[in-house]
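Listing of entry.cif; format and content: mmCIF, C-alpha atoms.
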```cif
data_coords
loop_
_atom_site.label_atom_id
_atom_site.label_comp_id
_atom_site.auth_asym_id
_atom_site.auth_seq_id
_atom_site.Cartn_x
_atom_site.Cartn_y
_atom_site.Cartn_z
CA MET F 1 -23.77 -56.26 -20.30
CA ARG F 2 -20.18 -55.13 -20.43
CA PHE F 3 -18.74 -53.90 -23.67
CA ARG F 4 -15.06 -53.49 -24.42
CA PHE F 5 -15.56 -50.45 -26.58
CA CYS F 6 -17.31 -48.72 -23.65
CA GLY F 7 -14.32 -49.45 -21.44
CA ASP F 8 -15.77 -52.62 -19.89
CA LEU F 9 -18.81 -50.74 -18.71
CA ASP F 10 -22.46 -50.81 -19.72
CA CYS F 11 -23.34 -49.22 -23.01
CA PRO F 12 -24.95 -45.77 -22.47
CA ASP F 13 -28.72 -45.73 -22.95
CA TRP F 14 -28.64 -43.06 -25.62
CA VAL F 15 -26.27 -45.15 -27.77
CA LEU F 16 -28.63 -48.12 -27.51
CA ALA F 17 -31.52 -45.91 -28.53
CA GLU F 18 -29.75 -44.52 -31.59
CA ILE F 19 -28.64 -47.93 -32.95
CA SER F 20 -32.09 -48.34 -34.44
CA THR F 21 -31.72 -44.96 -36.19
CA LEU F 22 -28.42 -46.14 -37.64
CA ALA F 23 -30.10 -49.26 -39.00
CA LYS F 24 -32.51 -47.08 -41.01
CA ILE F 25 -29.66 -45.76 -43.19
CA SER F 26 -28.33 -48.09 -45.87
CA SER F 27 -24.96 -49.62 -45.08
CA VAL F 28 -23.22 -47.98 -48.05
CA LYS F 29 -24.38 -44.52 -46.99
CA LEU F 30 -23.46 -45.31 -43.38
CA LYS F 31 -19.88 -46.01 -44.46
CA LEU F 32 -19.74 -42.61 -46.21
CA ILE F 33 -21.15 -40.85 -43.15
CA CYS F 34 -18.53 -42.69 -41.06
CA ALA F 35 -15.84 -41.27 -43.33
CA GLN F 36 -17.12 -37.75 -42.65
CA VAL F 37 -17.29 -38.31 -38.90
CA LEU F 38 -13.73 -39.70 -38.96
CA ARG F 39 -12.61 -36.55 -40.77
CA ASP F 40 -14.12 -34.46 -38.00
CA LEU F 41 -12.50 -36.57 -35.28
CA LEU F 42 -9.13 -36.23 -37.02
CA GLY F 43 -9.42 -32.45 -36.99
CA ASP F 44 -10.50 -31.64 -40.54
CA PRO F 45 -13.83 -29.87 -40.95
CA MET F 46 -16.78 -32.16 -41.54
CA GLU F 47 -19.00 -31.57 -44.59
CA TYR F 48 -22.41 -31.40 -42.96
CA GLU F 49 -24.29 -30.84 -46.24
CA LYS F 50 -22.99 -34.14 -47.59
CA ILE F 51 -24.26 -35.93 -44.52
CA LEU F 52 -27.63 -34.23 -44.91
CA LYS F 53 -27.81 -35.41 -48.50
CA LEU F 54 -26.88 -38.96 -47.53
CA THR F 55 -29.50 -39.11 -44.80
CA SER F 56 -32.27 -37.51 -46.84
CA ASP F 57 -33.24 -40.88 -48.34
CA ALA F 58 -33.80 -42.38 -44.92
CA LYS F 59 -36.06 -39.41 -44.14
CA LEU F 60 -34.37 -38.54 -40.86
CA GLU F 61 -35.24 -35.34 -39.03
CA SER F 62 -32.50 -32.85 -38.24
CA GLY F 63 -32.40 -34.05 -34.62
CA ASP F 64 -31.88 -37.63 -35.84
CA VAL F 65 -29.05 -36.56 -38.15
CA LYS F 66 -27.24 -34.91 -35.27
CA ALA F 67 -27.87 -37.96 -33.09
CA THR F 68 -26.40 -40.21 -35.81
CA ILE F 69 -23.26 -38.10 -35.99
CA ALA F 70 -22.98 -38.12 -32.20
CA VAL F 71 -23.40 -41.89 -31.94
CA LEU F 72 -20.86 -42.60 -34.67
CA GLY F 73 -18.42 -40.16 -33.07
CA PHE F 74 -18.84 -41.86 -29.71
CA ILE F 75 -18.43 -45.39 -31.07
CA LEU F 76 -15.33 -44.59 -33.12
CA SER F 77 -13.52 -42.47 -30.54
CA SER F 78 -14.42 -44.82 -27.70
CA ALA F 79 -13.16 -47.84 -29.64
CA ALA F 80 -9.90 -46.03 -30.40
CA LYS F 81 -9.62 -44.91 -26.79
CA HIS F 82 -9.84 -48.46 -25.43
CA ASN F 83 -7.78 -49.93 -28.28
CA VAL F 84 -10.49 -52.30 -29.48
CA ASP F 85 -9.71 -54.21 -32.67
CA SER F 86 -12.23 -54.06 -35.47
CA GLU F 87 -13.36 -57.72 -35.14
CA SER F 88 -14.42 -57.27 -31.51
CA LEU F 89 -16.05 -53.93 -32.34
CA SER F 90 -18.06 -55.55 -35.12
CA SER F 91 -19.30 -58.38 -32.90
CA GLU F 92 -20.17 -56.00 -30.04
CA LEU F 93 -22.11 -53.69 -32.36
CA GLN F 94 -24.02 -56.69 -33.70
CA GLN F 95 -24.83 -57.68 -30.10
CA LEU F 96 -26.33 -54.19 -29.68
CA GLY F 97 -28.60 -54.80 -32.64
CA LEU F 98 -26.77 -53.21 -35.55
CA PRO F 99 -27.22 -55.29 -38.74
CA LYS F 100 -24.20 -57.25 -39.94
CA GLU F 101 -23.45 -55.24 -43.11
CA HIS F 102 -23.67 -51.94 -41.23
CA ALA F 103 -21.36 -53.20 -38.50
CA SER F 104 -18.78 -54.59 -40.93
CA GLY F 105 -18.82 -51.37 -43.03
CA LEU F 106 -18.34 -49.25 -39.93
CA CYS F 107 -15.54 -51.47 -38.67
CA ARG F 108 -13.72 -51.42 -41.98
CA SER F 109 -13.68 -47.59 -41.91
CA TYR F 110 -12.54 -47.76 -38.28
CA GLU F 111 -9.74 -50.20 -39.05
CA GLU F 112 -8.28 -47.98 -41.78
CA LYS F 113 -8.11 -44.97 -39.53
CA GLN F 114 -7.53 -46.60 -36.16
CA SER F 115 -3.87 -45.68 -35.75
CA SER F 116 -4.26 -42.09 -36.99
CA LEU F 117 -7.25 -41.68 -34.67
CA GLN F 118 -5.19 -42.93 -31.75
CA ASP F 119 -2.31 -40.59 -32.67
CA ARG F 120 -4.71 -37.68 -32.77
CA LEU F 121 -6.21 -38.59 -29.40
CA ARG F 122 -2.72 -38.89 -27.96
CA ALA F 123 -1.89 -35.39 -29.22
CA CYS F 124 -5.11 -34.01 -27.69
CA SER F 125 -4.37 -35.48 -24.27
CA LEU F 126 -4.04 -33.12 -21.37
CA ARG F 127 -0.75 -31.28 -21.38
CA LEU F 128 -0.15 -28.32 -19.18
CA SER F 129 2.22 -26.41 -21.40
CA ARG F 130 4.68 -27.04 -24.18
CA LEU F 131 8.06 -25.63 -24.98
CA GLY F 132 7.82 -23.71 -28.22
CA SER F 133 11.35 -22.59 -28.77
CA VAL F 134 14.55 -21.62 -27.00
CA CYS F 135 16.62 -18.58 -27.89
CA TRP F 136 20.01 -17.84 -26.43
CA ARG F 137 22.73 -15.27 -26.54
CA VAL F 138 26.21 -15.18 -24.97
CA ASP F 139 27.53 -11.85 -23.78
CA PHE F 140 30.79 -10.86 -22.23
CA THR F 141 30.61 -8.29 -19.46
CA LEU F 142 33.54 -5.90 -19.58
CA SER F 143 32.89 -3.67 -16.62
CA SER F 144 30.13 -2.36 -14.40
CA SER F 145 29.40 0.48 -12.01
CA GLU F 146 30.57 -1.74 -9.12
CA LEU F 147 33.80 -3.11 -10.56
CA ARG F 148 35.95 -1.70 -13.33
CA GLU F 149 37.14 -5.00 -14.79
CA VAL F 150 34.50 -7.72 -14.69
CA ASN F 151 35.42 -9.82 -17.75
CA GLU F 152 32.83 -12.54 -17.34
CA PRO F 153 30.63 -14.35 -19.83
CA LEU F 154 26.87 -14.13 -19.41
CA ILE F 155 24.14 -16.17 -21.03
CA HIS F 156 20.66 -14.90 -21.91
CA LEU F 157 18.09 -17.64 -22.31
CA ASN F 158 14.52 -17.18 -23.47
CA PHE F 159 12.04 -20.07 -23.28
CA ASN F 160 8.87 -19.57 -25.32
CA LEU F 161 6.02 -21.60 -23.83
CA ARG F 162 2.81 -22.50 -25.61
CA ASP F 163 -0.22 -22.99 -23.43
CA GLY F 164 -2.57 -25.82 -24.40
CA GLU F 165 -5.76 -25.00 -26.29
CA HIS F 166 -5.61 -21.25 -26.29
CA GLY F 167 -2.24 -21.15 -28.02
CA GLU F 168 -1.11 -18.30 -25.81
CA THR F 169 2.64 -17.89 -25.77
CA ALA F 170 4.44 -16.93 -22.63
CA ALA F 171 8.09 -15.99 -22.66
CA VAL F 172 10.35 -16.87 -19.75
CA PRO F 173 13.59 -14.91 -20.07
CA MET F 174 16.53 -15.49 -17.76
CA VAL F 175 20.16 -14.54 -17.38
CA LEU F 176 22.75 -17.04 -16.13
CA SER F 177 26.38 -16.90 -15.19
CA ALA F 178 28.74 -19.51 -16.61
CA GLU F 179 28.75 -21.75 -13.48
CA LYS F 180 24.98 -21.73 -13.12
CA PHE F 181 24.67 -22.60 -16.76
CA ARG F 182 27.06 -25.52 -16.39
CA VAL F 183 24.98 -26.88 -13.51
CA LEU F 184 21.77 -26.49 -15.50
CA LEU F 185 23.29 -28.24 -18.49
CA ALA F 186 24.63 -31.14 -16.39
CA GLU F 187 21.25 -31.72 -14.71
CA LEU F 188 19.37 -31.55 -18.02
CA LYS F 189 21.83 -34.05 -19.55
CA GLN F 190 21.14 -36.45 -16.68
CA ALA F 191 17.39 -36.09 -17.25
CA GLN F 192 17.90 -36.70 -20.96
CA ALA F 193 19.88 -39.89 -20.24
CA LEU F 194 17.02 -41.11 -18.03
CA MET F 195 14.48 -40.35 -20.78
CA ASN F 196 16.55 -42.25 -23.30
CA THR F 197 16.51 -45.38 -21.14
CA LEU F 198 12.72 -45.30 -21.31
CA LEU F 199 12.24 -44.75 -25.02
CA MET P 1 -50.05 -8.79 -1.60
CA LEU P 2 -50.57 -5.36 -3.08
CA LEU P 3 -48.08 -3.49 -5.16
CA VAL P 4 -47.17 -0.15 -3.71
CA LEU P 5 -46.40 2.39 -6.40
CA SER P 6 -44.37 5.44 -5.50
CA ALA P 7 -45.51 8.90 -6.53
CA GLU P 8 -42.96 9.04 -9.35
CA GLN P 9 -44.16 5.71 -10.74
CA LYS P 10 -47.74 6.88 -10.52
CA ALA P 11 -46.75 9.98 -12.49
CA HIS P 12 -45.03 7.80 -15.10
CA LEU P 13 -48.04 5.59 -15.48
CA GLY P 14 -50.25 8.66 -15.49
CA CYS P 15 -48.61 9.52 -18.81
CA LEU P 16 -50.32 6.50 -20.31
CA PRO P 17 -52.70 7.66 -23.03
CA GLN P 18 -56.29 6.68 -22.50
CA GLY P 19 -56.81 4.80 -25.78
CA THR P 20 -56.62 1.01 -25.46
CA ALA P 21 -54.84 0.57 -28.80
CA ALA P 22 -52.16 2.99 -27.66
CA VAL P 23 -51.74 1.22 -24.35
CA ALA P 24 -51.55 -2.13 -26.12
CA GLU P 25 -48.78 -0.79 -28.31
CA LEU P 26 -46.89 0.57 -25.30
CA GLY P 27 -47.38 -2.72 -23.49
CA ARG P 28 -45.78 -4.53 -26.38
CA LEU P 29 -42.87 -2.10 -26.26
CA ALA P 30 -42.47 -2.71 -22.54
CA VAL P 31 -42.24 -6.49 -23.04
CA GLU P 32 -39.73 -6.01 -25.87
CA LEU P 33 -37.70 -3.82 -23.54
CA LEU P 34 -37.58 -6.65 -21.05
CA ARG P 35 -36.67 -9.18 -23.69
CA ARG P 36 -34.02 -7.29 -25.54
CA GLY P 37 -33.07 -4.13 -23.71
CA ALA P 38 -33.59 -0.47 -24.53
CA ALA P 39 -34.75 0.38 -28.04
CA PRO P 40 -34.98 4.18 -28.35
CA ARG P 41 -35.88 4.02 -32.03
CA ALA P 42 -38.90 1.86 -31.34
CA CYS P 43 -40.06 4.42 -28.75
CA GLU P 44 -39.67 7.24 -31.29
CA ALA P 45 -41.60 5.30 -33.92
CA ALA P 46 -44.39 4.62 -31.43
CA ALA P 47 -44.45 8.28 -30.37
CA ARG P 48 -44.87 9.39 -33.97
CA LYS P 49 -47.56 6.82 -34.64
CA LEU P 50 -49.57 7.67 -31.53
CA ASN P 51 -48.96 11.42 -31.79
CA ILE P 52 -47.50 11.75 -28.32
CA ASP P 53 -44.31 13.30 -27.02
CA VAL P 54 -41.29 10.93 -27.07
CA ASP P 55 -40.49 11.59 -23.41
CA ALA P 56 -44.01 10.72 -22.39
CA VAL P 57 -43.78 7.46 -24.30
CA GLN P 58 -40.45 6.69 -22.66
CA ARG P 59 -41.78 7.33 -19.17
CA ALA P 60 -44.95 5.40 -19.80
CA VAL P 61 -43.03 2.40 -21.14
CA GLU P 62 -40.70 2.46 -18.16
CA GLY P 63 -43.64 2.65 -15.79
CA LEU P 64 -45.28 -0.30 -17.49
CA THR P 65 -42.02 -2.24 -17.35
CA TYR P 66 -41.75 -1.66 -13.63
CA LEU P 67 -45.36 -2.68 -13.12
CA LEU P 68 -44.89 -5.90 -15.08
CA THR P 69 -41.59 -6.91 -13.48
CA GLU P 70 -42.72 -6.25 -9.93
CA SER P 71 -45.99 -8.12 -10.40
CA SER P 72 -44.24 -11.06 -12.09
CA LYS P 73 -41.50 -11.10 -9.46
CA LEU P 74 -43.99 -11.26 -6.60
CA MET P 75 -46.35 -13.50 -8.58
CA ILE P 76 -49.36 -11.53 -7.36
CA SER P 77 -52.85 -12.81 -8.01
CA GLU P 78 -55.29 -11.22 -10.44
CA ILE P 79 -57.35 -9.60 -7.71
CA ASP P 80 -54.30 -8.06 -6.09
CA PHE P 81 -53.08 -6.77 -9.45
CA GLN P 82 -56.45 -5.20 -10.16
CA ASP P 83 -56.53 -3.58 -6.72
CA SER P 84 -53.00 -2.26 -7.17
CA ILE P 85 -53.73 -0.52 -10.45
CA HIS P 86 -57.12 0.65 -9.31
CA VAL P 87 -55.35 3.46 -7.45
CA LEU P 88 -54.16 4.86 -10.79
CA GLY P 89 -57.73 5.67 -11.72
CA PHE P 90 -57.81 4.19 -15.21
CA SER P 91 -60.94 3.12 -17.01
CA ASP P 92 -62.19 -0.43 -16.60
CA GLU P 93 -61.26 -1.30 -20.13
CA LEU P 94 -57.68 -0.16 -19.54
CA ASN P 95 -57.48 -2.10 -16.31
CA LYS P 96 -58.62 -5.23 -18.09
CA LEU P 97 -56.04 -4.67 -20.81
CA LEU P 98 -53.25 -4.24 -18.27
CA LEU P 99 -54.37 -7.37 -16.42
CA GLN P 100 -54.34 -9.33 -19.67
CA LEU P 101 -50.88 -8.00 -20.48
CA TYR P 102 -49.67 -9.13 -17.06
CA LEU P 103 -51.16 -12.61 -17.31
CA ASP P 104 -49.95 -13.24 -20.84
CA ASN P 105 -46.36 -12.27 -20.20
CA ARG P 106 -45.95 -13.38 -16.62
CA LYS P 107 -44.24 -16.69 -17.34
CA GLU P 108 -41.80 -15.26 -19.83
CA ILE P 109 -40.86 -12.36 -17.58
CA ARG P 110 -40.27 -14.77 -14.73
CA SER P 111 -37.91 -16.84 -16.84
CA ILE P 112 -35.99 -13.70 -17.84
CA LEU P 113 -35.76 -12.62 -14.20
CA ASN P 114 -34.57 -16.11 -13.31
CA GLU P 115 -31.45 -15.60 -15.37
CA LEU P 116 -30.49 -12.46 -13.49
CA ALA P 117 -29.70 -14.33 -10.28
CA PRO P 118 -25.98 -14.41 -9.41
CA LYS P 119 -24.32 -17.61 -10.45
CA LEU P 120 -21.31 -19.48 -9.22
CA PRO P 121 -18.91 -20.97 -11.74
CA SER P 122 -20.45 -24.12 -13.13
CA TYR P 123 -18.90 -27.32 -14.43
CA HIS P 124 -18.08 -27.45 -18.12
CA SER P 125 -15.73 -30.39 -18.66
CA LEU P 126 -12.89 -32.35 -17.12
CA GLU P 127 -9.61 -33.57 -18.62
CA TRP P 128 -7.30 -35.92 -16.79
CA ARG P 129 -4.05 -37.80 -17.21
CA LEU P 130 -2.28 -40.47 -15.23
CA ASP P 131 1.50 -40.18 -14.95
CA VAL P 132 4.18 -42.03 -13.06
CA GLN P 133 7.09 -40.06 -11.69
CA LEU P 134 10.25 -42.13 -12.13
CA ALA P 135 12.96 -39.76 -11.02
CA SER P 136 13.56 -36.21 -9.96
CA ARG P 137 16.66 -34.10 -9.56
CA SER P 138 16.99 -35.08 -5.91
CA LEU P 139 15.89 -38.73 -6.02
CA ARG P 140 16.21 -41.45 -8.64
CA GLN P 141 14.49 -44.83 -8.85
CA GLN P 142 11.07 -43.69 -7.72
CA ILE P 143 7.63 -44.93 -8.59
CA LYS P 144 5.06 -42.29 -7.79
CA PRO P 145 1.72 -42.30 -9.63
CA VAL P 146 0.13 -38.88 -10.06
CA VAL P 147 -3.24 -37.92 -11.49
CA THR P 148 -3.40 -34.48 -13.13
CA ILE P 149 -6.85 -33.00 -13.60
CA LYS P 150 -7.87 -29.91 -15.56
CA LEU P 151 -11.30 -28.69 -14.48
CA HIS P 152 -12.99 -26.40 -17.02
CA LEU P 153 -15.52 -24.02 -15.48
CA ASN P 154 -18.04 -21.64 -17.00
CA GLN P 155 -19.09 -18.41 -15.38
CA ASN P 156 -21.26 -16.03 -17.38
CA GLU P 157 -19.60 -17.02 -20.65
CA ASP P 158 -16.12 -16.79 -19.12
CA GLN P 159 -14.16 -19.99 -19.33
CA THR P 160 -11.61 -20.67 -16.63
CA ALA P 161 -9.55 -23.75 -16.00
CA GLN P 162 -8.17 -25.08 -12.75
CA VAL P 163 -5.30 -27.56 -12.74
CA LEU P 164 -5.21 -29.99 -9.82
CA GLN P 165 -2.91 -32.84 -8.99
CA THR P 166 -3.50 -35.74 -6.68
CA ASP P 167 -2.24 -39.24 -5.94
CA PRO P 168 -4.55 -42.16 -6.61
CA SER P 169 -5.52 -42.82 -2.98
CA THR P 170 -6.75 -39.24 -2.53
CA LEU P 171 -8.63 -39.58 -5.80
CA LEU P 172 -10.35 -42.73 -4.53
CA HIS P 173 -11.27 -40.90 -1.33
CA LEU P 174 -12.66 -38.02 -3.40
CA ILE P 175 -14.77 -40.42 -5.46
CA GLN P 176 -16.03 -42.07 -2.30
CA GLN P 177 -17.06 -38.71 -0.81
CA LEU P 178 -18.86 -37.66 -4.00
CA GLU P 179 -20.70 -40.98 -4.14
CA GLN P 180 -21.75 -40.51 -0.54
CA ALA P 181 -23.05 -37.05 -1.42
CA LEU P 182 -25.09 -38.54 -4.28
CA GLY P 183 -26.31 -41.23 -1.92
CA GLU P 184 -27.76 -38.57 0.37
CA MET P 185 -30.51 -38.00 -2.18
CA LYS P 186 -31.84 -41.46 -1.37
CA THR P 187 -32.23 -40.88 2.36
CA ASN P 188 -35.71 -40.45 3.83
CA HIS P 189 -35.04 -36.85 4.76
CA CYS P 190 -34.20 -35.76 1.23
CA ARG P 191 -36.99 -37.85 -0.27
CA ARG P 192 -39.54 -36.15 2.00
CA ILE P 193 -38.36 -32.67 0.95
CA VAL P 194 -38.32 -33.52 -2.75
CA ARG P 195 -41.82 -34.96 -2.50
CA ASN P 196 -43.08 -31.77 -0.86
CA MET P 197 -41.43 -29.53 -3.40
CA LYS P 198 -43.06 -31.15 -6.42
#
```

Write-out of the structure in structure tokens:
Amino acid sequence: MRFRFCGDLDCPDWVLAEISTLAKISSVKLKLICAQVLRDLLGDPMEYEKILKLTSDAKLESGDVKATIAVLGFILSSAAKHNVDSESLSSELQQLGLPKEHASGLCRSYEEKQSSLQDRLRACSLRLSRLGSVCWRVDFTLSSSELREVNEPLIHLNFNLRDGEHGETAAVPMVLSAEKFRVLLAELKQAQALMNTLL
Amino acid sequence: MLLVLSAEQKAHLGCLPQGTAAVAELGRLAVELLRRGAAPRACEAAARKLNIDVDAVQRAVEGLTYLLTESSKLMISEIDFQDSIHVLGFSDELNKLLLQLYLDNRKEIRSILNELAPKLPSYHSLEWRLDVQLASRSLRQQIKPVVTIKLHLNQNEDQTAQVLQTDPSTLLHLIQQLEQALGEMKTNHCRRIVRNMK
């Protein structure tokens, strides 16, 4: 059986197995647990004690609680990843055996946060490095040990790069003469024009 | 297979006091040493309790540790273990105690020794992105799809990342090769070996 929220592939076995655990929790509490899981997916810390309190009525063991969080995380992030609308998600979850109220509660939480979830996933996508900031300085060289009257402008550029997850900054300093700088600027302006045609 | 103990090790084990309670205590210390590493304070406490010199306790514990690790490593049988320690000239009771110590802790010591084997970097996770190159400084109006992959590897708690780039046809070839490698498990040759290993 192919499911859209699994990317048109079969649903993983472990998700199928945990659907029955999800059905044990009442649909109101499931919606609250969904809210917590969405908070975690969006980058805020999740309040695990609240989830424990909500699942205590259903008498789930600690392994089941973690499995519930994992399944909800998978369903929500997978649906956002493949851009599934909440109607289709609800019907697919019901096909998997999740009761109707649970599915509709889950999908309502998903629908509210779908676009922010997708923005967050877009921001987390692989990026090799980012430009943090650019600093520059223009100097004027008067003379040097080789030539008494040089009289040329000189540009110091410093690119601060930020590397992905570790947040390490690397600085790339360089010095350019006026002609080189003009060439660099012209090429970058051409690239910018190309980017603007795509936006 | 018999364990051959060098003269120095025999001297170390000779420091073992003759009381079984004392030897049991030192045996426990030896296993703790293997589990967690050196604990000089525990040795001092034991020395005070048993009324023996600290150095003697240290040597005896080290001797016991060597005995246990070598026997667990080689997985020697009970009879061989008994014959190996017979040469130390301990009482029967002591020999029985040492044998029991060996048998009780053998599995755990083997699992600890298992972790000491050198390891290659192992797979942790994979991130990918699909881009299309539209233009470069030298050539405009291109369409060149590129897949960028960041492979996260783990080696002894060190995380490293490798960045790789490929075009889609190479990626398909890579997938095909990996699927062929997985398919090898289903051949008769591999099945025969796996059956014999179980």

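Any residue of chain P with an atom no more than 12 Å from chain F counts as a contact; using all atoms listed in the file, that gives Leu126, Glu127, Trp128, Arg129, Leu130, Asp131, Gln133, Leu134, Ala135, Ser136, Arg137, Ser138, Leu139, Arg140, Gln141, Val147, Thr148, Ile149, Lys150, Leu151, His152, Gln159, Thr160, Ala161, Gln162, Val163, Leu164 and Gln165 of chain P.
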
Selection from above, C-alpha atoms, as a PDB file, in the coordinates of the input, can you write it?
```
ATOM      1  CA  LEU P 126     -12.890 -32.350 -17.120  1.00  0.00           C
ATOM      2  CA  GLU P 127      -9.610 -33.570 -18.620  1.00  0.00           C
ATOM      3  CA  TRP P 128      -7.300 -35.920 -16.790  1.00  0.00           C
ATOM      4  CA  ARG P 129      -4.050 -37.800 -17.210  1.00  0.00           C
ATOM      5  CA  LEU P 130      -2.280 -40.470 -15.230  1.00  0.00           C
ATOM      6  CA  ASP P 131       1.500 -40.180 -14.950  1.00  0.00           C
ATOM      7  CA  GLN P 133       7.090 -40.060 -11.690  1.00  0.00           C
ATOM      8  CA  LEU P 134      10.250 -42.130 -12.130  1.00  0.00           C
ATOM      9  CA  ALA P 135      12.960 -39.760 -11.020  1.00  0.00           C
ATOM     10  CA  SER P 136      13.560 -36.210  -9.960  1.00  0.00           C
ATOM     11  CA  ARG P 137      16.660 -34.100  -9.560  1.00  0.00           C
ATOM     12  CA  SER P 138      16.990 -35.080  -5.910  1.00  0.00           C
ATOM     13  CA  LEU P 139      15.890 -38.730  -6.020  1.00  0.00           C
ATOM     14  CA  ARG P 140      16.210 -41.450  -8.640  1.00  0.00           C
ATOM     15  CA  GLN P 141      14.490 -44.830  -8.850  1.00  0.00           C
ATOM     16  CA  VAL P 147      -3.240 -37.920 -11.490  1.00  0.00           C
ATOM     17  CA  THR P 148      -3.400 -34.480 -13.130  1.00  0.00           C
ATOM     18  CA  ILE P 149      -6.850 -33.000 -13.600  1.00  0.00           C
ATOM     19  CA  LYS P 150      -7.870 -29.910 -15.560  1.00  0.00           C
ATOM     20  CA  LEU P 151     -11.300 -28.690 -14.480  1.00  0.00           C
ATOM     21  CA  HIS P 152     -12.990 -26.400 -17.020  1.00  0.00           C
ATOM     22  CA  GLN P 159     -14.160 -19.990 -19.330  1.00  0.00           C
ATOM     23  CA  THR P 160     -11.610 -20.670 -16.630  1.00  0.00           C
ATOM     24  CA  ALA P 161      -9.550 -23.750 -16.000  1.00  0.00           C
ATOM     25  CA  GLN P 162      -8.170 -25.080 -12.750  1.00  0.00           C
ATOM     26  CA  VAL P 163      -5.300 -27.560 -12.740  1.00  0.00           C
ATOM     27  CA  LEU P 164      -5.210 -29.990  -9.820  1.00  0.00           C
ATOM     28  CA  GLN P 165      -2.910 -32.840  -8.990  1.00  0.00           C
TER      29      GLN P 165
END
```

From the set F:Asp44, F:Lys29, F:Val175, F:Gln114, which residue has the shortest atom-to-atom contact distance to F:Val138, counting only C-alpha atoms?
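Answer, going by the shortest atom-to-atom distance: F:Val175.
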
With only C-alpha atoms as the counted atoms, please give the residues lying no more than 10 Å from F:Ile155, apart from itself and same-chain residues fewer than 2 positions off, as a list in words.
Trp136, Arg137, Val138, Asp139, Phe140, Pro153, Leu157, Asn158, Met174, Val175, Leu176, Ser177, Ala178, Lys180 and Phe181 of chain F

Would you kindly return, as number ranges by chain, each protein, DNA or RNA residue with an atom no farther than 7 Å from any atom of F:Cys107, considering only C-alpha atoms and excluding same-chain residues fewer than 4 positions away?
F: 86, 89-90, 103, 111

Counting only C-alpha atoms, which residue out of P:Ala11, P:Leu178, P:Leu2, P:Ala21 sits closest to P:Ala56?
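Residue with the minimum atom-to-atom distance to P:Ala56: P:Ala11.
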
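Taking atom CA of F:Met1 and atom CA of F:Glu92 as the two end points, the separation is 10.4 Å.
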
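What the PyMOL selection byres ((chain P and resi 32) around 12) picks from this file is P:Glu25, P:Leu26, P:Gly27, P:Arg28, P:Leu29, P:Ala30, P:Val31, P:Leu33, P:Leu34, P:Arg35, P:Arg36, P:Gly37, P:Ala38, P:Ala39, P:Pro40, P:Ala42, P:Cys43, P:Val61, P:Glu62, P:Leu64, P:Thr65, P:Leu68, P:Asn105, P:Glu108, P:Ile109, P:Ile112.
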
Nearest to P:Gly14 by atom-to-atom distance, counting only C-alpha atoms, from P:Asp80, P:Ser71, P:Arg110, P:Phe90
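Distance minimum relative to P:Gly14 lands on P:Phe90.
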
What's around F:Arg162 at 7 Å? Count all atoms listed in the file, leave out sequence neighbours fewer than 3 positions away in its own chain, and write the answer as a PyMOL selection string.
chain F and resi 129-132+167-170

Just-selected residues, C-alpha atoms written as a PDB file, keeping the file's coordinate frame:
```
ATOM      1  CA  SER F 129       2.220 -26.410 -21.400  1.00  0.00           C
ATOM      2  CA  ARG F 130       4.680 -27.040 -24.180  1.00  0.00           C
ATOM      3  CA  LEU F 131       8.060 -25.630 -24.980  1.00  0.00           C
ATOM      4  CA  GLY F 132       7.820 -23.710 -28.220  1.00  0.00           C
ATOM      5  CA  GLY F 167      -2.240 -21.150 -28.020  1.00  0.00           C
ATOM      6  CA  GLU F 168      -1.110 -18.300 -25.810  1.00  0.00           C
ATOM      7  CA  THR F 169       2.640 -17.890 -25.770  1.00  0.00           C
ATOM      8  CA  ALA F 170       4.440 -16.930 -22.630  1.00  0.00           C
TER       9      ALA F 170
END
```

Answer key for the PyMOL selection byres ((chain P and resi 167) around 8), residues as a PyMOL selection string
chain P and resi 145-147+165-166+168-171
